[in-house]
Amino acid sequence: MNKKSENISGWQKFVKSMTKANELGKEEDVMLDHDYDGIRELDNVLPPWWKAGFYITIVIAIFYSVMVIGFNKYNQYDELKDELADAKKEVATYKAEHPELFSTANIKAFTDADNLAKGKALFTSKTCFACHATDLGGGIGPNLTDNHWIFGGDVKTIFHTISKGGRPGKGMIAWESTISKLERQQLASYIISMQGTKPANPKAPQGDIIWPE
């Protein structure tokens, strides 16, 4: 009684049916005549699970092609438009629920020492000094202490310039996605507080006169 199949489990039967694997020791039964430098080839069949998966992918591909081409379903452009529309609604809802984060109607210049100190720290940490100099006298960027302004020297305009960035191609980025509204207001307030000071090497005036000296 030396039959290997007498005590085979149900799981082993399932694995054997799904792989069609040949038993070890019976390679000679499926050995081909091909010989590549001493390497022989076995005539194994493709596993049934692999063929089933291949046929399923063909069916899915046909179904998808018919739905997309024949019935215009699963259109990626339409999906993108729907997602963008949903995103715009979410943004609009968020803005409506948090108007204080987006409205500039109540932007006023801080005059207290604490907010001005924070604005000064931001001027340094955000490297504003690299273009406008440490004393705001200007360098690559314009002088921020005189009464000439390219965009305007009031707090709301300065706040807007910080938020949206400077002139295209001049290197000043938009900070609204990087620092908070309060921080932008503190930074604009600090710049306002420095107007009329005397920097060491002031840059020549740029822009229009906003207020008389």
# chains A, B, ... in the order shown; residues from 1 in each chain; ligands from 1

call {"tool": "closest_atom_pairs", "arguments": {"of": "stretch 83-144 of chain A", "to": "stretch 192-210 of chain A", "cutoff": "10 Å", "atoms": "only C-alpha atoms", "output": "tab-separated table"}}
result
residue	atom	partner	partner_atom	distance
A:Ala109	CA	A:Ile192	CA	7.3
A:Phe110	CA	A:Ser193	CA	8.8
A:Thr111	CA	A:Ser193	CA	7.6
A:Leu116	CA	A:Ser193	CA	7.8
A:Gly119	CA	A:Ser193	CA	10.0
A:Lys120	CA	A:Met194	CA	9.9
A:His132	CA	A:Lys203	CA	9.2
A:Ala133	CA	A:Pro199	CA	8.9
A:Thr134	CA	A:Pro199	CA	8.9
A:Asp135	CA	A:Pro199	CA	5.5
A:Leu136	CA	A:Pro199	CA	6.8
A:Gly137	CA	A:Pro202	CA	4.4
A:Gly138	CA	A:Lys203	CA	5.3
A:Gly139	CA	A:Lys203	CA	6.6
A:Ile140	CA	A:Lys203	CA	9.2
A:Gly141	CA	A:Lys203	CA	8.8
A:Pro142	CA	A:Gln206	CA	6.5
A:Asn143	CA	A:Lys203	CA	5.5
A:Leu144	CA	A:Gln195	CA	6.7

call {"tool": "write_last_selection", "arguments": {"atoms": "C-alpha atoms", "output": "compact mmCIF listing (two decimals), in the first residue's frame"}}
result
# COMPACT_ATOMS: atom_id res chain seq x y z
CA ALA A 109 -2.30 98.22 10.89
CA PHE A 110 -1.25 97.01 14.32
CA THR A 111 0.50 99.60 16.46
CA LEU A 116 5.12 94.83 15.54
CA GLY A 119 6.09 91.38 12.21
CA LYS A 120 9.78 92.27 12.46
CA HIS A 132 14.50 94.86 0.81
CA ALA A 133 17.51 95.08 3.23
CA THR A 134 17.42 94.65 6.99
CA ASP A 135 16.47 98.31 7.54
CA LEU A 136 13.96 98.16 4.64
CA GLY A 137 16.06 100.53 2.56
CA GLY A 138 15.81 98.36 -0.53
CA GLY A 139 18.16 96.30 -2.66
CA ILE A 140 16.87 93.99 -5.31
CA GLY A 141 13.44 95.06 -4.15
CA PRO A 142 12.24 98.63 -3.62
CA ASN A 143 12.80 100.86 -0.62
CA LEU A 144 9.93 100.33 1.84

call {"tool": "residues_around", "arguments": {"residues": "A:Leu122", "least_positions_apart": "6", "cutoff": "9 Å", "atoms": "only C-alpha atoms", "output": "list of chain:residue names"}}
result
A:Cys128, A:Glu183, A:Arg184, A:Gln186, A:Leu187

call {"tool": "write_last_selection", "arguments": {"atoms": "all heavy atoms", "output": "short mmCIF file (atom, residue, chain, number, x, y, z; two decimals), in the first residue's frame"}}
result
data_model
loop_
_atom_site.label_atom_id
_atom_site.label_comp_id
_atom_site.auth_asym_id
_atom_site.auth_seq_id
_atom_site.Cartn_x
_atom_site.Cartn_y
_atom_site.Cartn_z
N CYS A 128 12.59 88.45 3.89
CA CYS A 128 12.20 89.68 3.17
C CYS A 128 13.41 90.60 3.03
O CYS A 128 13.53 91.36 2.06
CB CYS A 128 11.08 90.40 3.90
SG CYS A 128 9.61 89.40 4.23
N GLU A 183 -0.34 86.64 10.51
CA GLU A 183 1.08 86.89 10.29
C GLU A 183 1.31 87.87 9.15
O GLU A 183 2.20 88.73 9.24
CB GLU A 183 1.80 85.57 10.02
CG GLU A 183 1.90 84.66 11.23
CD GLU A 183 2.49 83.31 10.91
OE1 GLU A 183 2.16 82.76 9.84
OE2 GLU A 183 3.27 82.80 11.74
N ARG A 184 0.51 87.76 8.10
CA ARG A 184 0.64 88.71 6.99
C ARG A 184 0.25 90.12 7.45
O ARG A 184 0.84 91.12 7.02
CB ARG A 184 -0.22 88.26 5.81
CG ARG A 184 0.39 87.12 5.00
CD ARG A 184 -0.53 86.62 3.93
NE ARG A 184 -1.45 85.63 4.45
CZ ARG A 184 -2.72 85.51 4.08
NH1 ARG A 184 -3.24 86.35 3.20
NH2 ARG A 184 -3.47 84.57 4.59
N GLN A 186 0.56 91.22 10.55
CA GLN A 186 1.66 91.67 11.41
C GLN A 186 2.84 92.15 10.57
O GLN A 186 3.46 93.18 10.88
CB GLN A 186 2.10 90.53 12.33
CG GLN A 186 1.08 90.18 13.40
CD GLN A 186 1.41 88.88 14.12
OE1 GLN A 186 2.09 88.01 13.56
NE2 GLN A 186 0.93 88.73 15.34
N LEU A 187 3.13 91.44 9.50
CA LEU A 187 4.24 91.82 8.62
C LEU A 187 3.95 93.15 7.94
O LEU A 187 4.82 94.03 7.87
CB LEU A 187 4.47 90.71 7.60
CG LEU A 187 5.66 90.83 6.66
CD1 LEU A 187 6.94 91.11 7.43
CD2 LEU A 187 5.80 89.56 5.83
#

call {"tool": "closest_residue", "arguments": {"among": "A:Ala121, A:Leu42, A:Val59, A:Val91", "to": "A:Asn22", "atoms": "only C-alpha atoms"}}
result
A:Leu42

call {"tool": "select_by_dssp", "arguments": {"residues": "stretch 50-169 of chain A", "states": "helix (DSSP H, G or I)", "output": "PyMOL selection string"}}
result
chain A and resi 50-70+76-97+99-101+113-125+129-132+155-164

call {"tool": "atom_distance", "arguments": {"atom1": "atom CA of A:Ser125", "atom2": "atom CA of A:Trp175"}}
result
12.8 Å

call {"tool": "residues_around", "arguments": {"residues": "A:Gln185", "least_positions_apart": "5", "cutoff": "9 Å", "atoms": "only C-alpha atoms", "output": "list in words"}}
result
Ile107, Lys108, Ala109, Phe110, Asn115, Gly119, Val155, Lys156, Ile158, Phe159, Ser180 and Tyr190 of chain A

call {"tool": "select_by_dssp", "arguments": {"residues": "stretch 35-87 of chain A", "states": "strand (DSSP E)", "output": "ChimeraX atom specification"}}
result
/A:35-36,39-42

call {"tool": "write_last_selection", "arguments": {"atoms": "N, CA, C and O atoms", "output": "compact mmCIF listing (two decimals), in the first residue's frame"}}
result
# COMPACT_ATOMS: atom_id res chain seq x y z
N ASP A 35 17.78 20.90 -25.61
CA ASP A 35 18.93 20.89 -24.71
C ASP A 35 19.76 22.14 -24.99
O ASP A 35 20.25 22.33 -26.10
N TYR A 36 19.84 23.04 -23.98
CA TYR A 36 20.60 24.27 -24.13
C TYR A 36 21.79 24.23 -23.18
O TYR A 36 21.66 24.52 -21.98
N ILE A 39 21.02 22.37 -20.23
CA ILE A 39 19.78 22.76 -19.55
C ILE A 39 18.61 22.17 -20.31
O ILE A 39 18.44 22.44 -21.51
N ARG A 40 17.80 21.37 -19.65
CA ARG A 40 16.65 20.73 -20.29
C ARG A 40 15.38 21.51 -19.97
O ARG A 40 15.29 22.22 -18.96
N GLU A 41 14.36 21.34 -20.80
CA GLU A 41 13.10 22.05 -20.65
C GLU A 41 11.97 21.08 -20.35
O GLU A 41 11.86 20.03 -20.98
N LEU A 42 11.12 21.48 -19.39
CA LEU A 42 9.95 20.68 -19.06
C LEU A 42 8.73 21.22 -19.79
O LEU A 42 8.56 22.43 -19.94

call {"tool": "atom_distance", "arguments": {"atom1": "atom CA of A:Gly152", "atom2": "atom CA of A:Asp114"}}
result
25.1 Å

call {"tool": "closest_residue", "arguments": {"among": "A:Lys88, A:Ile191, A:Val45, A:Lys20", "to": "A:Thr145", "atoms": "only C-alpha atoms"}}
result
A:Ile191

call {"tool": "closest_residue", "arguments": {"among": "A:Asn44, A:Phe123, A:Phe129, A:Trp149", "to": "A:Ala188", "atoms": "only C-alpha atoms"}}
result
A:Phe123
